[in-house]
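Participant: Sending over a structure as structure tokens; questions will come in a sec.
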Amino acid sequence: MTSVVTPDDVGGATGDRDPDRAVHDDPALAPIELPETRRLTRRRLRAVHARSRRRSDAKRSGAVLAVAMVVVLGLLTGTGHRPRLGHRSRTSGPASAAPVVPPVLLAQRDSAGHIVSLVILSPAAGGRGGTLVLLPPGTMTQVVGADLQPVTTAFDLGGAPTLLSTVENLLGAQLGDVDVVDAAALAALVAPAGTVIVNIPDRVEKVDETGMVTVVYPAGPVPVAPGDVGHLLAERGHGNDLSRLVRHQAFLEAWLRRLHDKPSAIPAQPASVHRALAALAAGSVDTRVVPVSTVGTGADGSDLYKVDTDELPSLVQTAFPGAGKGGAASRPKVQVLNGTGVVGVAQRVEDKLGPSVEVTLTGNAASFDFAQTQIVFYDRNEQPVAERVQKLLGVGRLVLSRVPIDVVDVTVVVGKDFT
């Protein structure tokens, strides 16, 4: 039987106690302040209001952007051109007989160490073909320890593992591995395939401070040597990140066609990338972009985007065979508060919880003196969610709070019992 602590139990008052639940009068629980400190609450509310104002501004300017977005997203979602690699269907043969090949996040970093491109290689359930999922680097999401930030901030803060768990939390899909490559490593991946002919959809131009325009890549078929791939993908040109993703799509599809015709050109290492590329090259491949809308620009002039939460579940269900039936739409929202003072504990909690829940808020608890992890829920109907969180963490006591909160379903106050 699961024990639930209510505020009445903690405070010693009579209250409405559930006769089917054990009553605990542990005085150590009395100082609990939930769900977060007042200062953090005010900061959250200011952020919510600021995002609401930005959304209103974005709607007013969205009409002009929408036309360009339709063209770009049409290409990226497959309504433009879609590669058909060979004649074998992705559903040929019994899917259950084929080994499951986990998706791989392939991230490219520039010479300064910043992530400039993100693509997920997601093989189909049958091991033949699959989906390339392109994620704009400026996509805003919850990054543990940094609140709402571009997804690439996760790499700056915690390296490849943090980037992987952040992308999983964003999508609600389990990925198998992450491979972060610089220009040299990317060239080594492509080297076995040799020079690839890439049909660049639009001319790539650069404009210097004097206004002089330089054509970096012309539109049309362009031979791209392995050593030039990093520049082809990283060069932003005079457009935005969405227009650059169309160029990424063109290269990835050309590379996969070469790998289909020449399987020996599939790079042997890393092993996870080899398996994913081999599966994709063996069948038909769709290219999809995570559905986003623009919300402005960052301090460095980069484009920032907001995920379309209405469209995301459909992409996840289509692109990731292992995703749950409910997908991203049905994931409970969880807040993680550090009640220990240990650096990095919220990230470890997110790793434990996995993509079946969405960590939407992180921060510090009212104190760092929590001996036991508290899993707080705000409605009896959410108790099964709290119990699932408790099972995933392997520790914690359920606490029913009578103070309503409408931004999360469960708050985890991490205690010293979480190791």
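Ordered as shown in the structure tokens, chains take letters A, B, and onward, while each chain numbers its residues from 1 and ligands are numbered from 1 in the order shown.
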Give me the residues near stretch 265-270 of chain A as a ChimeraX atom specification, where near means some atom within 7 Å (using only C-alpha atoms) and where sequence neighbours in that chain fewer than 6 positions away do not count.
Facilitator: /A:189,192-193,259,277-278
Participant: Extract the full set of alpha helix (DSSP H) residues from stretch 113-310 of chain A according to DSSP on the backbone, and format it as an NGL selection string.
Facilitator: :A and (153-171 or 183-190 or 229-234 or 241-261 or 271-281)
Participant: For A:Val215, find every residue with an atom within 8 Å (counting only C-alpha atoms), except residues of its own chain fewer than 3 positions away, and show them as a PyMOL selection string.
Facilitator: chain A and resi 203-206+218
Participant: For those residues, write C-alpha atoms to a file as a compact mmCIF listing (two decimals), in the first residue's frame.
Facilitator:
# COMPACT_ATOMS: atom_id res chain seq x y z
CA ARG A 203 21.70 30.00 -53.70
CA VAL A 204 23.64 30.57 -50.47
CA GLU A 205 24.86 34.14 -50.12
CA LYS A 206 26.86 36.10 -47.58
CA PRO A 218 25.07 28.33 -56.23
Participant: Choose the residue, out of A:Gln249, A:Ser122, A:Ser284, A:Ser401, that has the smallest atom-to-atom separation from A:Tyr378; count only C-alpha atoms.
Facilitator: A:Ser401
Participant: Check the DSSP output for the backbone and give back, as an MDAnalysis selection string, the residues of stretch 275-405 of chain A in strand (DSSP E or B).
Facilitator: chainID A and resid 285:289 292:297 303:307 333:338 358:364 374:377 397:400
Participant: Can you write out the residues you just picked, keeping C-alpha atoms, as a tab-separated table (two decimals), in the first residue's frame?
Facilitator:
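The result, written out as selection.tsv:
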chain	number	residue	atom	x	y	z
A	285	VAL	CA	13.36	7.70	-45.92
A	286	ASP	CA	11.19	10.67	-44.94
A	287	THR	CA	12.65	13.97	-43.80
A	288	ARG	CA	10.72	15.87	-41.15
A	289	VAL	CA	11.37	19.03	-39.17
A	292	VAL	CA	8.16	25.32	-34.75
A	293	SER	CA	7.19	28.96	-35.06
A	294	THR	CA	9.49	31.94	-34.69
A	295	VAL	CA	9.58	33.88	-31.42
A	296	GLY	CA	12.41	36.32	-32.17
A	297	THR	CA	16.20	36.37	-32.13
A	303	ASP	CA	16.79	32.65	-34.65
A	304	LEU	CA	14.67	31.43	-31.74
A	305	TYR	CA	11.68	29.11	-32.16
A	306	LYS	CA	8.79	27.76	-30.14
A	307	VAL	CA	7.63	24.17	-30.57
A	333	LYS	CA	4.37	17.83	-16.52
A	334	VAL	CA	6.89	17.64	-13.68
A	335	GLN	CA	8.74	20.29	-11.69
A	336	VAL	CA	12.07	19.33	-10.08
A	337	LEU	CA	13.33	21.28	-7.06
A	338	ASN	CA	16.77	20.69	-5.54
A	358	GLU	CA	8.06	16.24	-19.34
A	359	VAL	CA	10.27	18.20	-16.97
A	360	THR	CA	8.99	21.74	-17.50
A	361	LEU	CA	10.43	23.61	-14.49
A	362	THR	CA	13.56	23.26	-12.37
A	363	GLY	CA	14.99	25.25	-9.50
A	364	ASN	CA	15.95	25.16	-5.82
A	374	GLN	CA	8.99	14.43	-1.63
A	375	ILE	CA	6.78	13.67	-4.63
A	376	VAL	CA	4.01	16.25	-4.46
A	377	PHE	CA	0.74	16.07	-6.38
A	397	ARG	CA	7.27	9.80	-0.27
A	398	LEU	CA	3.99	10.88	-1.84
A	399	VAL	CA	2.63	14.18	-0.56
A	400	LEU	CA	-0.81	15.55	-1.39
Participant: So that I can see what lies close to A:Gln390, please list as an MDAnalysis selection string the residues with an atom at most 10 Å from it, counting only C-alpha atoms and leaving out residues fewer than 3 positions away in the same chain.
Facilitator: chainID A and resid 353 373:375 384:387 393:398 412
Participant: What is the distance, in Å and to one decimal place, between atom CA of A:Asp379 and atom CA of A:Ser367?
Facilitator: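 We find that atom CA of A:Asp379 and atom CA of A:Ser367 lie 24.4 Å from each other.
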Participant: Could you pull the residues within 12 Å of stretch 310-317 of chain A, counting only C-alpha atoms, minus those fewer than 5 positions along the same chain, as number ranges by chain?
Facilitator: A: 77, 120, 122, 124-125, 131-135, 168, 170-175, 286-293, 322-331, 355
Participant: For atom CA of A:Ser272 and atom CA of A:Pro161, determine how far apart the two atoms are, in Å to one decimal place.
Facilitator: 15.0 Å
Participant: Which distance in Å separates atom CA of A:His274 and atom CA of A:Asp228, to one decimal?
Facilitator: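 About the pair atom CA of A:His274 and atom CA of A:Asp228: they are 21.1 Å apart.
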Participant: Would you please work out which residue, of A:Phe418, A:Phe155, A:Phe320, A:Phe368, is nearest to A:Pro103 when using only C-alpha atoms?
Facilitator: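 Closest residue, counting only C-alpha atoms: A:Phe320.
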Participant: Just the residues within 7 Å of A:Val224, please, counting only C-alpha atoms, with nothing from its chain fewer than 4 positions along; format it as a list in words.
Facilitator: Thr195, Val196, Ile197, Val198, Asp228 and Val229 of chain A
